[in-house]
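Data from protein_23.txt: compact mmCIF, N, CA and C atoms
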```txt
# COMPACT_ATOMS: atom_id res chain seq x y z
N GLY A 1 0.08 -9.64 13.71
CA GLY A 1 -1.27 -9.78 14.16
C GLY A 1 -2.01 -8.46 14.24
N GLY A 2 -1.49 -7.39 13.63
CA GLY A 2 -2.17 -6.11 13.65
C GLY A 2 -1.87 -5.26 14.86
N LYS A 3 -1.13 -5.80 15.83
CA LYS A 3 -0.80 -5.03 17.02
C LYS A 3 0.53 -4.32 16.83
N MET A 4 0.71 -3.22 17.55
CA MET A 4 1.99 -2.51 17.53
C MET A 4 3.05 -3.40 18.15
N PRO A 5 4.23 -3.48 17.55
CA PRO A 5 5.31 -4.28 18.14
C PRO A 5 5.69 -3.71 19.51
N SER A 6 6.02 -4.60 20.44
CA SER A 6 6.31 -4.16 21.80
C SER A 6 7.78 -3.84 22.02
N THR A 7 8.66 -4.33 21.15
CA THR A 7 10.09 -4.04 21.29
C THR A 7 10.63 -3.52 19.96
N PHE A 8 11.82 -2.91 20.02
CA PHE A 8 12.45 -2.41 18.80
C PHE A 8 12.72 -3.55 17.83
N GLY A 9 13.22 -4.67 18.33
CA GLY A 9 13.52 -5.83 17.47
C GLY A 9 12.28 -6.36 16.78
N ALA A 10 11.18 -6.44 17.54
CA ALA A 10 9.92 -6.90 16.95
C ALA A 10 9.45 -5.93 15.87
N GLY A 11 9.67 -4.63 16.11
CA GLY A 11 9.28 -3.63 15.12
C GLY A 11 10.09 -3.75 13.84
N VAL A 12 11.40 -3.98 13.98
CA VAL A 12 12.26 -4.15 12.80
C VAL A 12 11.85 -5.38 12.01
N LEU A 13 11.64 -6.50 12.71
CA LEU A 13 11.23 -7.73 12.02
C LEU A 13 9.87 -7.58 11.36
N SER A 14 8.95 -6.89 12.03
CA SER A 14 7.64 -6.65 11.45
C SER A 14 7.75 -5.80 10.19
N GLY A 15 8.58 -4.77 10.26
CA GLY A 15 8.78 -3.90 9.10
C GLY A 15 9.43 -4.60 7.93
N LEU A 16 10.37 -5.50 8.22
CA LEU A 16 11.03 -6.24 7.14
C LEU A 16 10.12 -7.31 6.54
N GLY A 17 9.28 -7.90 7.37
CA GLY A 17 8.40 -8.96 6.89
C GLY A 17 7.15 -8.46 6.20
N HIS A 18 6.71 -7.27 6.52
CA HIS A 18 5.45 -6.76 5.98
C HIS A 18 5.42 -6.71 4.44
N PRO A 19 6.44 -6.20 3.79
CA PRO A 19 6.37 -6.17 2.31
C PRO A 19 6.33 -7.55 1.68
N VAL A 20 6.91 -8.54 2.33
CA VAL A 20 6.90 -9.88 1.76
C VAL A 20 5.52 -10.52 1.94
N LEU A 21 4.88 -10.24 3.05
CA LEU A 21 3.57 -10.83 3.32
C LEU A 21 2.45 -10.09 2.60
N GLY A 22 2.62 -8.79 2.39
CA GLY A 22 1.64 -8.00 1.64
C GLY A 22 2.10 -7.88 0.20
N LEU A 23 1.53 -8.68 -0.68
CA LEU A 23 2.02 -8.74 -2.06
C LEU A 23 1.89 -7.41 -2.78
N ASP A 24 0.91 -6.59 -2.41
CA ASP A 24 0.80 -5.28 -3.05
C ASP A 24 1.99 -4.40 -2.67
N HIS A 25 2.45 -4.51 -1.44
CA HIS A 25 3.61 -3.75 -1.01
C HIS A 25 4.87 -4.24 -1.73
N LEU A 26 5.00 -5.55 -1.86
CA LEU A 26 6.14 -6.12 -2.57
C LEU A 26 6.14 -5.69 -4.03
N ALA A 27 4.97 -5.66 -4.65
CA ALA A 27 4.85 -5.22 -6.05
C ALA A 27 5.30 -3.77 -6.20
N ALA A 28 4.95 -2.92 -5.23
CA ALA A 28 5.36 -1.52 -5.29
C ALA A 28 6.88 -1.41 -5.18
N ILE A 29 7.48 -2.17 -4.29
CA ILE A 29 8.93 -2.13 -4.12
C ILE A 29 9.64 -2.61 -5.38
N VAL A 30 9.15 -3.68 -5.98
CA VAL A 30 9.76 -4.21 -7.21
C VAL A 30 9.60 -3.20 -8.35
N ALA A 31 8.44 -2.58 -8.46
CA ALA A 31 8.20 -1.60 -9.52
C ALA A 31 9.12 -0.39 -9.36
N VAL A 32 9.27 0.10 -8.14
CA VAL A 32 10.17 1.23 -7.91
C VAL A 32 11.60 0.83 -8.24
N GLY A 33 12.00 -0.37 -7.89
CA GLY A 33 13.34 -0.85 -8.22
C GLY A 33 13.56 -0.93 -9.72
N CYS A 34 12.57 -1.43 -10.46
CA CYS A 34 12.67 -1.51 -11.93
C CYS A 34 12.75 -0.12 -12.55
N LEU A 35 11.93 0.79 -12.06
CA LEU A 35 11.97 2.16 -12.58
C LEU A 35 13.30 2.83 -12.24
N ALA A 36 13.79 2.60 -11.04
CA ALA A 36 15.07 3.20 -10.63
C ALA A 36 16.21 2.68 -11.49
N ALA A 37 16.14 1.40 -11.86
CA ALA A 37 17.19 0.83 -12.70
C ALA A 37 17.12 1.33 -14.14
N ALA A 38 15.94 1.77 -14.56
CA ALA A 38 15.74 2.17 -15.95
C ALA A 38 16.17 3.60 -16.25
N PHE A 39 16.32 4.41 -15.22
CA PHE A 39 16.63 5.82 -15.44
C PHE A 39 17.94 6.22 -14.78
N PRO A 40 18.67 7.14 -15.41
CA PRO A 40 19.95 7.58 -14.82
C PRO A 40 19.78 8.20 -13.43
N SER A 41 18.69 8.89 -13.21
CA SER A 41 18.46 9.51 -11.90
C SER A 41 17.57 8.62 -11.03
N GLY A 42 17.64 7.34 -11.25
CA GLY A 42 16.79 6.40 -10.53
C GLY A 42 17.06 6.36 -9.04
N ALA A 43 18.28 6.68 -8.64
CA ALA A 43 18.60 6.67 -7.21
C ALA A 43 17.72 7.68 -6.47
N LEU A 44 17.41 8.80 -7.12
CA LEU A 44 16.54 9.79 -6.49
C LEU A 44 15.13 9.25 -6.29
N LEU A 45 14.66 8.46 -7.24
CA LEU A 45 13.35 7.84 -7.11
C LEU A 45 13.35 6.87 -5.93
N ALA A 46 14.38 6.05 -5.84
CA ALA A 46 14.45 5.09 -4.74
C ALA A 46 14.55 5.81 -3.39
N ILE A 47 15.34 6.86 -3.33
CA ILE A 47 15.47 7.62 -2.09
C ILE A 47 14.14 8.28 -1.73
N GLY A 48 13.45 8.84 -2.72
CA GLY A 48 12.15 9.44 -2.47
C GLY A 48 11.13 8.43 -1.96
N PHE A 49 11.18 7.22 -2.50
CA PHE A 49 10.28 6.16 -2.06
C PHE A 49 10.55 5.80 -0.60
N VAL A 50 11.82 5.68 -0.24
CA VAL A 50 12.17 5.35 1.15
C VAL A 50 11.76 6.49 2.08
N VAL A 51 11.98 7.73 1.66
CA VAL A 51 11.57 8.88 2.49
C VAL A 51 10.05 8.88 2.68
N ALA A 52 9.31 8.60 1.62
CA ALA A 52 7.85 8.54 1.74
C ALA A 52 7.42 7.43 2.69
N MET A 53 8.10 6.29 2.64
CA MET A 53 7.78 5.21 3.57
C MET A 53 8.07 5.63 5.01
N LEU A 54 9.19 6.32 5.22
CA LEU A 54 9.54 6.78 6.57
C LEU A 54 8.51 7.77 7.10
N VAL A 55 8.01 8.64 6.22
CA VAL A 55 6.96 9.58 6.64
C VAL A 55 5.70 8.81 7.03
N GLY A 56 5.35 7.80 6.25
CA GLY A 56 4.19 6.98 6.57
C GLY A 56 4.34 6.26 7.89
N VAL A 57 5.52 5.71 8.13
CA VAL A 57 5.78 5.02 9.40
C VAL A 57 5.69 6.01 10.55
N SER A 58 6.25 7.19 10.37
CA SER A 58 6.22 8.21 11.42
C SER A 58 4.79 8.60 11.76
N LEU A 59 3.96 8.75 10.74
CA LEU A 59 2.55 9.07 10.98
C LEU A 59 1.84 7.95 11.72
N HIS A 60 2.17 6.70 11.34
CA HIS A 60 1.54 5.56 11.99
C HIS A 60 1.97 5.46 13.46
N VAL A 61 3.25 5.66 13.72
CA VAL A 61 3.75 5.59 15.10
C VAL A 61 3.13 6.70 15.94
N ALA A 62 2.89 7.86 15.32
CA ALA A 62 2.25 8.97 16.02
C ALA A 62 0.73 8.77 16.12
N GLU A 63 0.26 7.59 15.73
CA GLU A 63 -1.16 7.22 15.76
C GLU A 63 -2.03 8.11 14.90
N MET A 64 -1.48 8.60 13.79
CA MET A 64 -2.24 9.37 12.80
C MET A 64 -2.43 8.47 11.58
N ASN A 65 -3.48 7.69 11.59
CA ASN A 65 -3.71 6.76 10.50
C ASN A 65 -4.31 7.48 9.30
N ILE A 66 -3.81 7.14 8.12
CA ILE A 66 -4.31 7.72 6.88
C ILE A 66 -5.53 6.91 6.44
N PRO A 67 -6.66 7.58 6.19
CA PRO A 67 -7.84 6.84 5.75
C PRO A 67 -7.58 6.14 4.41
N ALA A 68 -8.08 4.93 4.29
CA ALA A 68 -7.97 4.14 3.05
C ALA A 68 -6.53 3.96 2.61
N SER A 69 -5.63 3.74 3.57
CA SER A 69 -4.21 3.60 3.22
C SER A 69 -3.96 2.40 2.32
N GLU A 70 -4.66 1.30 2.55
CA GLU A 70 -4.46 0.12 1.70
C GLU A 70 -4.95 0.39 0.27
N ALA A 71 -6.02 1.15 0.13
CA ALA A 71 -6.50 1.52 -1.21
C ALA A 71 -5.47 2.41 -1.91
N LEU A 72 -4.83 3.29 -1.15
CA LEU A 72 -3.78 4.15 -1.73
C LEU A 72 -2.59 3.34 -2.18
N VAL A 73 -2.24 2.31 -1.41
CA VAL A 73 -1.14 1.42 -1.82
C VAL A 73 -1.52 0.71 -3.12
N ALA A 74 -2.74 0.21 -3.19
CA ALA A 74 -3.18 -0.48 -4.41
C ALA A 74 -3.18 0.46 -5.61
N LEU A 75 -3.64 1.69 -5.42
CA LEU A 75 -3.61 2.66 -6.52
C LEU A 75 -2.19 3.00 -6.94
N SER A 76 -1.29 3.08 -5.98
CA SER A 76 0.11 3.37 -6.33
C SER A 76 0.73 2.22 -7.10
N VAL A 77 0.37 0.99 -6.76
CA VAL A 77 0.88 -0.17 -7.50
C VAL A 77 0.36 -0.13 -8.93
N ILE A 78 -0.91 0.19 -9.10
CA ILE A 78 -1.49 0.29 -10.45
C ILE A 78 -0.80 1.39 -11.25
N ALA A 79 -0.56 2.55 -10.60
CA ALA A 79 0.11 3.66 -11.29
C ALA A 79 1.55 3.28 -11.66
N LEU A 80 2.27 2.63 -10.75
CA LEU A 80 3.64 2.22 -11.05
C LEU A 80 3.66 1.20 -12.18
N GLY A 81 2.69 0.29 -12.17
CA GLY A 81 2.60 -0.68 -13.26
C GLY A 81 2.33 -0.02 -14.59
N ALA A 82 1.47 0.99 -14.59
CA ALA A 82 1.18 1.73 -15.83
C ALA A 82 2.42 2.44 -16.34
N VAL A 83 3.18 3.03 -15.44
CA VAL A 83 4.42 3.72 -15.85
C VAL A 83 5.41 2.70 -16.42
N LEU A 84 5.51 1.53 -15.80
CA LEU A 84 6.41 0.51 -16.31
C LEU A 84 5.98 -0.01 -17.69
N ALA A 85 4.67 -0.11 -17.88
CA ALA A 85 4.15 -0.62 -19.16
C ALA A 85 4.42 0.41 -20.25
```
Please express what this file holds, its structure, as structure tokens.
Amino acid sequence: GGKMPSTFGAGVLSGLGHPVLGLDHLAAIVAVGCLAAAFPSGALLAIGFVVAMLVGVSLHVAEMNIPASEALVALSVIALGAVLA
């Protein structure tokens, strides 16, 4: 509902459910997985993606919201799709 989770469990469930409910986020995860599978050093790409997500979560928890974050996600999905194509 857009509110910060009140418990650790609610936060974990919210974090796990968010990519499934936000199709742009799911598309980014699938694209990174496809790219990681296509290259020998793909594990580094996947690890970098997870680290970037953790940095984003840390900024959000610290109440430092990134302007136009949803637009940045959409642009990253377009860029990942272009790389895959």
* Asked: For the atom pair atom CA of A:Val77 and atom CA of A:Ala10, what is the interatomic distance in Å to one decimal place?
  ->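 Separating atom CA of A:Val77 from atom CA of A:Ala10 is a distance of 26.9 Å.
The spacing separating atom CA of A:Ile29 from atom CA of A:Val57 amounts to 15.6 Å.
Distance-wise, atom N of A:Met53 and atom CA of A:Ser6 end up 21.9 Å apart.
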* For A:Ser76, which residue out of A:Pro19, A:Lys3, A:Leu13, A:Ala28 is the nearest one, using all atoms listed in the file? -> A:Ala28
* Which of these, A:Gly56, A:Gly81, A:Gly42, A:Gly17, has the shortest distance to A:Val30 once you count only C-alpha atoms? -> A:Gly81
Find the axis-aligned box for stretch 65-78 of chain A, covering all its listed atoms and adding 3 Å on each side, and write its centre and edge lengths in Å to one decimal as lines of an AutoDock Vina configuration file.
```
center_x = -3.6
center_y = 3.6
center_z = 0.2
size_x = 15.0
size_y = 14.2
size_z = 28.8
```
